[in-house]
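Asker: My structure file run30.csv, CSV, C-alpha atoms, is below:
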chain,number,residue,atom,x,y,z
W,169,GLN,CA,87.0,-37.6,23.2
W,170,HIS,CA,85.9,-40.3,25.6
W,171,SER,CA,83.1,-38.2,27.0
W,172,MET,CA,81.9,-37.5,23.4
W,173,GLY,CA,81.9,-41.2,22.8
W,174,SER,CA,79.9,-42.0,25.9
W,175,ALA,CA,77.5,-39.1,25.1
W,176,ALA,CA,77.1,-40.5,21.5
W,177,SER,CA,76.4,-44.0,22.9
W,178,GLU,CA,73.9,-42.6,25.4
W,179,ILE,CA,72.1,-40.7,22.6
W,180,GLU,CA,72.1,-43.9,20.5
W,181,ALA,CA,70.6,-45.9,23.4
W,182,LEU,CA,67.9,-43.2,23.9
W,183,ARG,CA,67.1,-43.3,20.1
W,184,LYS,CA,66.7,-47.1,20.3
W,185,GLU,CA,64.5,-46.9,23.3
W,186,LYS,CA,62.3,-44.3,21.6
W,187,ALA,CA,62.1,-46.4,18.4
W,188,GLU,CA,61.1,-49.4,20.6
W,189,LEU,CA,58.4,-47.4,22.4
W,190,GLU,CA,57.1,-46.1,19.1
W,191,ARG,CA,57.0,-49.7,17.8
W,192,LEU,CA,55.1,-50.9,20.9
W,193,VAL,CA,52.6,-48.0,20.7
W,194,LEU,CA,52.0,-48.8,17.0
W,195,ALA,CA,51.5,-52.5,17.8
W,196,LYS,CA,49.1,-51.7,20.6
W,197,ASP,CA,47.1,-49.4,18.3
W,198,ARG,CA,46.8,-52.2,15.7
W,199,GLN,CA,45.6,-54.6,18.4
W,200,LEU,CA,43.1,-52.0,19.7
W,201,GLN,CA,41.8,-51.4,16.2
W,202,ALA,CA,41.4,-55.1,15.6
W,203,VAL,CA,39.5,-55.6,18.8
W,204,GLN,CA,37.3,-52.6,18.1
W,205,SER,CA,36.6,-53.9,14.5
W,206,VAL,CA,35.0,-57.1,15.9
W,207,ASP,CA,31.2,-57.1,15.9
W,208,PRO,CA,30.1,-59.5,18.7
W,209,SER,CA,26.7,-59.9,17.1
W,210,MET,CA,28.2,-61.7,14.1
W,211,GLY,CA,29.1,-64.9,15.9
W,212,ASP,CA,32.3,-66.9,15.4
W,213,ALA,CA,33.5,-65.2,12.1
W,214,PRO,CA,34.8,-62.0,13.8
W,215,ALA,CA,36.6,-64.1,16.4
W,216,LEU,CA,38.3,-66.1,13.6
W,217,GLN,CA,39.1,-62.8,11.9
W,218,LEU,CA,40.5,-61.5,15.2
W,219,GLY,CA,42.6,-64.6,15.6
W,220,ALA,CA,44.0,-64.3,12.1
W,221,GLN,CA,44.8,-60.7,12.8
W,222,ALA,CA,46.5,-61.7,16.0
W,223,ILE,CA,48.6,-64.3,14.2
W,224,GLN,CA,49.6,-61.7,11.6
W,225,LEU,CA,50.5,-59.2,14.3
W,226,PHE,CA,52.6,-61.9,16.0
W,227,HIS,CA,54.3,-62.7,12.7
W,228,ASP,CA,55.0,-59.0,12.0
W,229,SER,CA,56.4,-58.6,15.5
W,230,LEU,CA,58.8,-61.6,15.0
W,231,GLN,CA,59.9,-60.1,11.6
W,232,ARG,CA,60.6,-56.7,13.2
W,233,LYS,CA,62.6,-58.4,16.0
W,234,GLN,CA,64.7,-60.3,13.4
W,235,ASN,CA,65.3,-57.0,11.5
W,236,GLU,CA,66.2,-55.2,14.7
W,237,MET,CA,68.7,-58.0,15.6
W,238,ALA,CA,70.3,-57.8,12.1
W,239,LEU,CA,70.4,-54.0,12.3
W,240,GLY,CA,71.9,-54.2,15.8
W,241,LYS,CA,74.6,-56.6,14.6
W,242,GLU,CA,75.4,-54.3,11.7
W,243,ASN,CA,75.4,-51.3,14.0
W,244,GLN,CA,78.0,-53.1,16.3
W,245,GLU,CA,80.1,-54.0,13.2
W,246,LEU,CA,80.0,-50.4,12.1
W,247,ARG,CA,80.9,-49.1,15.5
W,248,ALA,CA,83.9,-51.5,15.6
W,249,GLU,CA,84.9,-50.2,12.2
W,250,VAL,CA,84.6,-46.6,13.4
W,251,ASP,CA,86.7,-47.4,16.5
W,252,ARG,CA,89.3,-49.1,14.3
W,253,LEU,CA,89.4,-46.2,11.9
W,254,SER,CA,89.6,-43.7,14.8
W,255,ALA,CA,92.6,-45.6,16.2
W,256,LYS,CA,94.2,-45.6,12.8
W,257,LEU,CA,93.6,-41.9,12.5
W,258,ASP,CA,95.2,-41.2,15.9
W,259,GLU,CA,98.2,-43.4,14.8
W,260,LEU,CA,98.6,-41.5,11.5
W,261,GLU,CA,98.3,-38.1,13.2
W,262,ALA,CA,101.0,-39.1,15.7
W,263,ALA,CA,103.3,-40.3,12.8
W,264,ASN,CA,102.5,-37.1,10.9
W,265,ALA,CA,103.5,-35.0,13.9
W,266,GLU,CA,106.7,-36.9,14.2
W,267,ARG,CA,107.5,-36.4,10.5
W,268,ARG,CA,106.8,-32.7,10.8
W,269,SER,CA,109.2,-32.5,13.7
W,270,GLU,CA,111.8,-34.3,11.6
W,271,VAL,CA,111.2,-32.0,8.6
W,272,LYS,CA,111.5,-29.0,10.9
W,273,GLU,CA,114.9,-30.3,12.3
W,274,LEU,CA,116.1,-31.0,8.7
W,275,THR,CA,115.0,-27.5,7.5
W,276,THR,CA,116.8,-25.9,10.4
W,277,SER,CA,119.9,-27.9,9.7
W,278,LEU,CA,119.7,-27.1,6.0
W,279,ALA,CA,119.3,-23.4,6.7
W,280,ALA,CA,122.4,-23.5,9.0
W,281,LYS,CA,124.4,-25.3,6.3
W,282,MET,CA,123.3,-22.9,3.6
W,283,GLN,CA,124.3,-19.9,5.8
W,284,LYS,CA,127.7,-21.5,6.3
W,285,ILE,CA,128.0,-22.0,2.5
W,286,PHE,CA,127.1,-18.3,1.9
W,287,GLU,CA,129.7,-17.2,4.5
W,288,LEU,CA,132.4,-19.5,3.0
W,289,GLU,CA,131.6,-18.2,-0.5
W,290,ALA,CA,131.8,-14.6,0.7
W,291,GLU,CA,135.1,-15.3,2.4
W,292,ALA,CA,136.5,-17.0,-0.7
W,293,GLU,CA,135.4,-14.0,-2.8
W,294,ALA,CA,137.1,-11.7,-0.4
W,295,VAL,CA,140.4,-13.8,-0.5
W,296,GLN,CA,140.2,-13.7,-4.4
W,297,HIS,CA,139.7,-10.0,-4.3
W,298,ASP,CA,142.6,-9.5,-2.0
W,299,GLN,CA,144.8,-11.8,-4.2
W,300,ARG,CA,143.9,-9.8,-7.3
W,301,GLN,CA,144.6,-6.5,-5.5
W,302,ALA,CA,148.0,-7.9,-4.3
W,303,SER,CA,148.8,-9.1,-7.8
W,304,ARG,CA,148.0,-5.7,-9.3
W,305,GLU,CA,150.1,-4.0,-6.6
W,306,ALA,CA,152.9,-6.4,-7.2
W,307,ALA,CA,152.7,-5.9,-11.0
W,308,ALA,CA,152.8,-2.1,-10.4
W,309,GLN,CA,155.7,-2.4,-8.0
W,310,LEU,CA,157.6,-4.7,-10.5
W,311,GLU,CA,157.0,-2.1,-13.3
W,312,GLN,CA,158.3,0.6,-11.0
W,313,LEU,CA,161.4,-1.4,-10.1
W,314,ARG,CA,162.0,-2.1,-13.8
W,315,GLY,CA,161.7,1.6,-14.5
W,316,ASP,CA,164.1,2.3,-11.7
W,317,LEU,CA,166.5,-0.4,-12.9
W,318,SER,CA,166.5,1.0,-16.4
W,319,ALA,CA,167.1,4.5,-15.1
W,320,TRP,CA,170.0,3.3,-12.9
W,321,GLN,CA,171.5,1.3,-15.8
W,322,ARG,CA,171.4,4.4,-18.0
W,323,ASP,CA,173.0,6.5,-15.3
W,324,CYS,CA,175.8,4.1,-14.8
Would you encode the structure as structure tokens?
Answerer:
Amino acid sequence: QHSMGSAASEIEALRKEKAELERLVLAKDRQLQAVQSVDPSMGDAPALQLGAQAIQLFHDSLQRKQNEMALGKENQELRAEVDRLSAKLDELEAANAERRSEVKELTTSLAAKMQKIFELEAEAEAVQHDQRQASREAAAQLEQLRGDLSAWQRDC
């Protein structure tokens, strides 16, 4: 991620340099046009006009520099905000990974407890079945003994 950040900052620096060069070429083109538009045979008027154009170019240049400074400051603030948000994202991703690990542990524990419950329920059902079977066998044996007792009492 660090190399991507340095590549992004290098790209941004190259873009700024390109924009500055384009601005300088544009300014030089304006100056050249202004000089070429002066007709030396007209006396002082073109020189005054050229001076006025130079003052306007200077004023435009100052205005552009002020705008660039303001945009540079805004760009720095936005980069700081991006860095802050990136750090927050990293922090949240780490917390999320920790929570997922906890959920996985709890799910594993819950599954083991549910398995134990199923085993205990099956064991309890088997014990109840055995008790019912023993009760039926005891009732049948009691009935048999009663029959034997009745027969013995008749025989005596």
Asker: Go through W:Gln299, W:Thr275, W:Ser174, W:Ser229 and flag the residue nearest Lys196 (chain W), using all atoms listed in the file for the distances.
Answerer: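 Answer, going by the shortest atom-to-atom distance: W:Ser229.
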Asker: Nearest residue to Val203 (chain W) out of W:Ala181, W:Arg191, W:Glu245, W:Leu216, using all atoms listed in the file?
Answerer: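 The shortest atom-to-atom distance to Val203 (chain W) comes from W:Leu216.
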Asker: Provide the CA of Leu253 (chain W) to CA of Ser171 (chain W) distance in Å, to one decimal place.
Answerer: 18.2 Å
Asker: Rounded to one decimal in Å, what is the spacing between CA of Asp258 (chain W) and CA of Glu180 (chain W)?
Answerer: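 Distance reported for this atom pair: 23.7 Å.
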Asker: Could you tell me how far CA of Cys324 (chain W) lies from CA of Gln312 (chain W), in Å and to one decimal?
Answerer: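 Separation of CA of Cys324 (chain W) and CA of Gln312 (chain W): 18.2 Å.
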Asker: Name the closest residue to Asn243 (chain W) among the candidates W:Gln309, W:Lys184, W:Gln217, W:Ser205; distances are taken between atoms, counting all atoms listed in the file.
Answerer: W:Lys184
Asker: Using all atoms listed in the file, list the residues that have an atom at most 12 Å from (47.9, -61.0, 15.8), coordinates as in the file, as number ranges by chain.
Answerer: W: 195-203, 215-230
Asker: Please dump the current selection as a JSON list (two decimals), in the coordinates of the input; keep C-alpha atoms.
Answerer:
[["chain", "number", "residue", "atom", "x", "y", "z"],
["W", 195, "ALA", "CA", 51.50, -52.50, 17.80],
["W", 196, "LYS", "CA", 49.10, -51.70, 20.60],
["W", 197, "ASP", "CA", 47.10, -49.40, 18.30],
["W", 198, "ARG", "CA", 46.80, -52.20, 15.70],
["W", 199, "GLN", "CA", 45.60, -54.60, 18.40],
["W", 200, "LEU", "CA", 43.10, -52.00, 19.70],
["W", 201, "GLN", "CA", 41.80, -51.40, 16.20],
["W", 202, "ALA", "CA", 41.40, -55.10, 15.60],
["W", 203, "VAL", "CA", 39.50, -55.60, 18.80],
["W", 215, "ALA", "CA", 36.60, -64.10, 16.40],
["W", 216, "LEU", "CA", 38.30, -66.10, 13.60],
["W", 217, "GLN", "CA", 39.10, -62.80, 11.90],
["W", 218, "LEU", "CA", 40.50, -61.50, 15.20],
["W", 219, "GLY", "CA", 42.60, -64.60, 15.60],
["W", 220, "ALA", "CA", 44.00, -64.30, 12.10],
["W", 221, "GLN", "CA", 44.80, -60.70, 12.80],
["W", 222, "ALA", "CA", 46.50, -61.70, 16.00],
["W", 223, "ILE", "CA", 48.60, -64.30, 14.20],
["W", 224, "GLN", "CA", 49.60, -61.70, 11.60],
["W", 225, "LEU", "CA", 50.50, -59.20, 14.30],
["W", 226, "PHE", "CA", 52.60, -61.90, 16.00],
["W", 227, "HIS", "CA", 54.30, -62.70, 12.70],
["W", 228, "ASP", "CA", 55.00, -59.00, 12.00],
["W", 229, "SER", "CA", 56.40, -58.60, 15.50],
["W", 230, "LEU", "CA", 58.80, -61.60, 15.00]]
Asker: Ranking W:Ala319, W:Gln296, W:Gly173, W:Ser277 by minimum distance to Arg247 (chain W) and counting only C-alpha atoms, which one comes first?
Answerer: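 Using only C-alpha atoms, Arg247 (chain W) sits closest to W:Gly173.
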Asker: Rebuild all heavy atoms on region 272-283 of chain W, as an mmCIF file, in the coordinates of the input?
Answerer:
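For reference, rebuild.cif as written:
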data_model
loop_
_atom_site.group_PDB
_atom_site.id
_atom_site.type_symbol
_atom_site.label_atom_id
_atom_site.label_comp_id
_atom_site.auth_asym_id
_atom_site.auth_seq_id
_atom_site.Cartn_x
_atom_site.Cartn_y
_atom_site.Cartn_z
ATOM 1 N N LYS W 272 111.118 -30.245 10.306
ATOM 2 C CA LYS W 272 111.500 -29.000 10.900
ATOM 3 C C LYS W 272 113.011 -29.018 11.281
ATOM 4 O O LYS W 272 113.749 -28.069 11.020
ATOM 5 C CB LYS W 272 110.667 -28.694 12.146
ATOM 6 C CG LYS W 272 110.935 -27.350 12.769
ATOM 7 C CD LYS W 272 110.005 -27.093 13.943
ATOM 8 C CE LYS W 272 110.307 -25.753 14.566
ATOM 9 N NZ LYS W 272 109.455 -25.485 15.712
ATOM 10 N N GLU W 273 113.445 -30.138 11.881
ATOM 11 C CA GLU W 273 114.900 -30.300 12.300
ATOM 12 C C GLU W 273 115.748 -30.241 11.003
ATOM 13 O O GLU W 273 116.783 -29.574 10.998
ATOM 14 C CB GLU W 273 115.077 -31.600 12.998
ATOM 15 C CG GLU W 273 114.501 -31.619 14.396
ATOM 16 C CD GLU W 273 114.641 -32.990 15.060
ATOM 17 O OE1 GLU W 273 115.456 -33.812 14.592
ATOM 18 O OE2 GLU W 273 113.936 -33.228 16.048
ATOM 19 N N LEU W 274 115.336 -30.970 9.955
ATOM 20 C CA LEU W 274 116.100 -31.000 8.700
ATOM 21 C C LEU W 274 116.162 -29.610 8.072
ATOM 22 O O LEU W 274 117.202 -29.194 7.536
ATOM 23 C CB LEU W 274 115.552 -32.023 7.745
ATOM 24 C CG LEU W 274 115.738 -33.491 8.147
ATOM 25 C CD1 LEU W 274 114.973 -34.399 7.194
ATOM 26 C CD2 LEU W 274 117.206 -33.860 8.170
ATOM 27 N N THR W 275 115.054 -28.893 8.116
ATOM 28 C CA THR W 275 115.000 -27.500 7.500
ATOM 29 C C THR W 275 115.935 -26.612 8.301
ATOM 30 O O THR W 275 116.666 -25.820 7.692
ATOM 31 C CB THR W 275 113.560 -27.010 7.574
ATOM 32 O OG1 THR W 275 112.718 -27.905 6.850
ATOM 33 C CG2 THR W 275 113.463 -25.631 6.973
ATOM 34 N N THR W 276 115.938 -26.717 9.613
ATOM 35 C CA THR W 276 116.800 -25.900 10.400
ATOM 36 C C THR W 276 118.287 -26.220 10.117
ATOM 37 O O THR W 276 119.114 -25.314 9.950
ATOM 38 C CB THR W 276 116.532 -26.119 11.928
ATOM 39 O OG1 THR W 276 115.165 -25.803 12.182
ATOM 40 C CG2 THR W 276 117.420 -25.276 12.810
ATOM 41 N N SER W 277 118.589 -27.502 10.018
ATOM 42 C CA SER W 277 119.900 -27.900 9.700
ATOM 43 C C SER W 277 120.366 -27.442 8.313
ATOM 44 O O SER W 277 121.479 -26.941 8.120
ATOM 45 C CB SER W 277 120.044 -29.458 9.768
ATOM 46 O OG SER W 277 121.302 -29.900 9.348
ATOM 47 N N LEU W 278 119.464 -27.567 7.354
ATOM 48 C CA LEU W 278 119.700 -27.100 6.000
ATOM 49 C C LEU W 278 119.975 -25.619 5.943
ATOM 50 O O LEU W 278 120.902 -25.142 5.281
ATOM 51 C CB LEU W 278 118.599 -27.517 5.052
ATOM 52 C CG LEU W 278 118.737 -27.109 3.591
ATOM 53 C CD1 LEU W 278 119.961 -27.781 2.977
ATOM 54 C CD2 LEU W 278 117.490 -27.466 2.816
ATOM 55 N N ALA W 279 119.175 -24.867 6.673
ATOM 56 C CA ALA W 279 119.300 -23.400 6.700
ATOM 57 C C ALA W 279 120.687 -23.041 7.294
ATOM 58 O O ALA W 279 121.368 -22.133 6.782
ATOM 59 C CB ALA W 279 118.195 -22.778 7.517
ATOM 60 N N ALA W 280 121.100 -23.739 8.347
ATOM 61 C CA ALA W 280 122.400 -23.500 9.000
ATOM 62 C C ALA W 280 123.543 -23.781 7.979
ATOM 63 O O ALA W 280 124.508 -23.014 7.853
ATOM 64 C CB ALA W 280 122.572 -24.266 10.251
ATOM 65 N N LYS W 281 123.396 -24.904 7.267
ATOM 66 C CA LYS W 281 124.400 -25.300 6.300
ATOM 67 C C LYS W 281 124.474 -24.293 5.130
ATOM 68 O O LYS W 281 125.559 -23.938 4.654
ATOM 69 C CB LYS W 281 124.191 -26.699 5.797
ATOM 70 C CG LYS W 281 124.499 -27.742 6.857
ATOM 71 C CD LYS W 281 124.214 -29.151 6.395
ATOM 72 C CE LYS W 281 124.515 -30.134 7.523
ATOM 73 N NZ LYS W 281 124.244 -31.511 7.169
ATOM 74 N N MET W 282 123.312 -23.851 4.676
ATOM 75 C CA MET W 282 123.300 -22.900 3.600
ATOM 76 C C MET W 282 123.923 -21.557 4.036
ATOM 77 O O MET W 282 124.671 -20.928 3.276
ATOM 78 C CB MET W 282 121.821 -22.620 3.140
ATOM 79 C CG MET W 282 121.178 -23.796 2.423
ATOM 80 S SD MET W 282 121.999 -24.225 0.881
ATOM 81 C CE MET W 282 121.596 -22.795 -0.097
ATOM 82 N N GLN W 283 123.668 -21.147 5.278
ATOM 83 C CA GLN W 283 124.300 -19.900 5.800
ATOM 84 C C GLN W 283 125.797 -20.071 5.839
ATOM 85 O O GLN W 283 126.523 -19.143 5.479
ATOM 86 C CB GLN W 283 123.732 -19.633 7.221
ATOM 87 C CG GLN W 283 124.270 -18.359 7.838
ATOM 88 C CD GLN W 283 123.883 -17.119 7.052
ATOM 89 O OE1 GLN W 283 122.808 -17.056 6.487
ATOM 90 N NE2 GLN W 283 124.772 -16.149 7.002
#
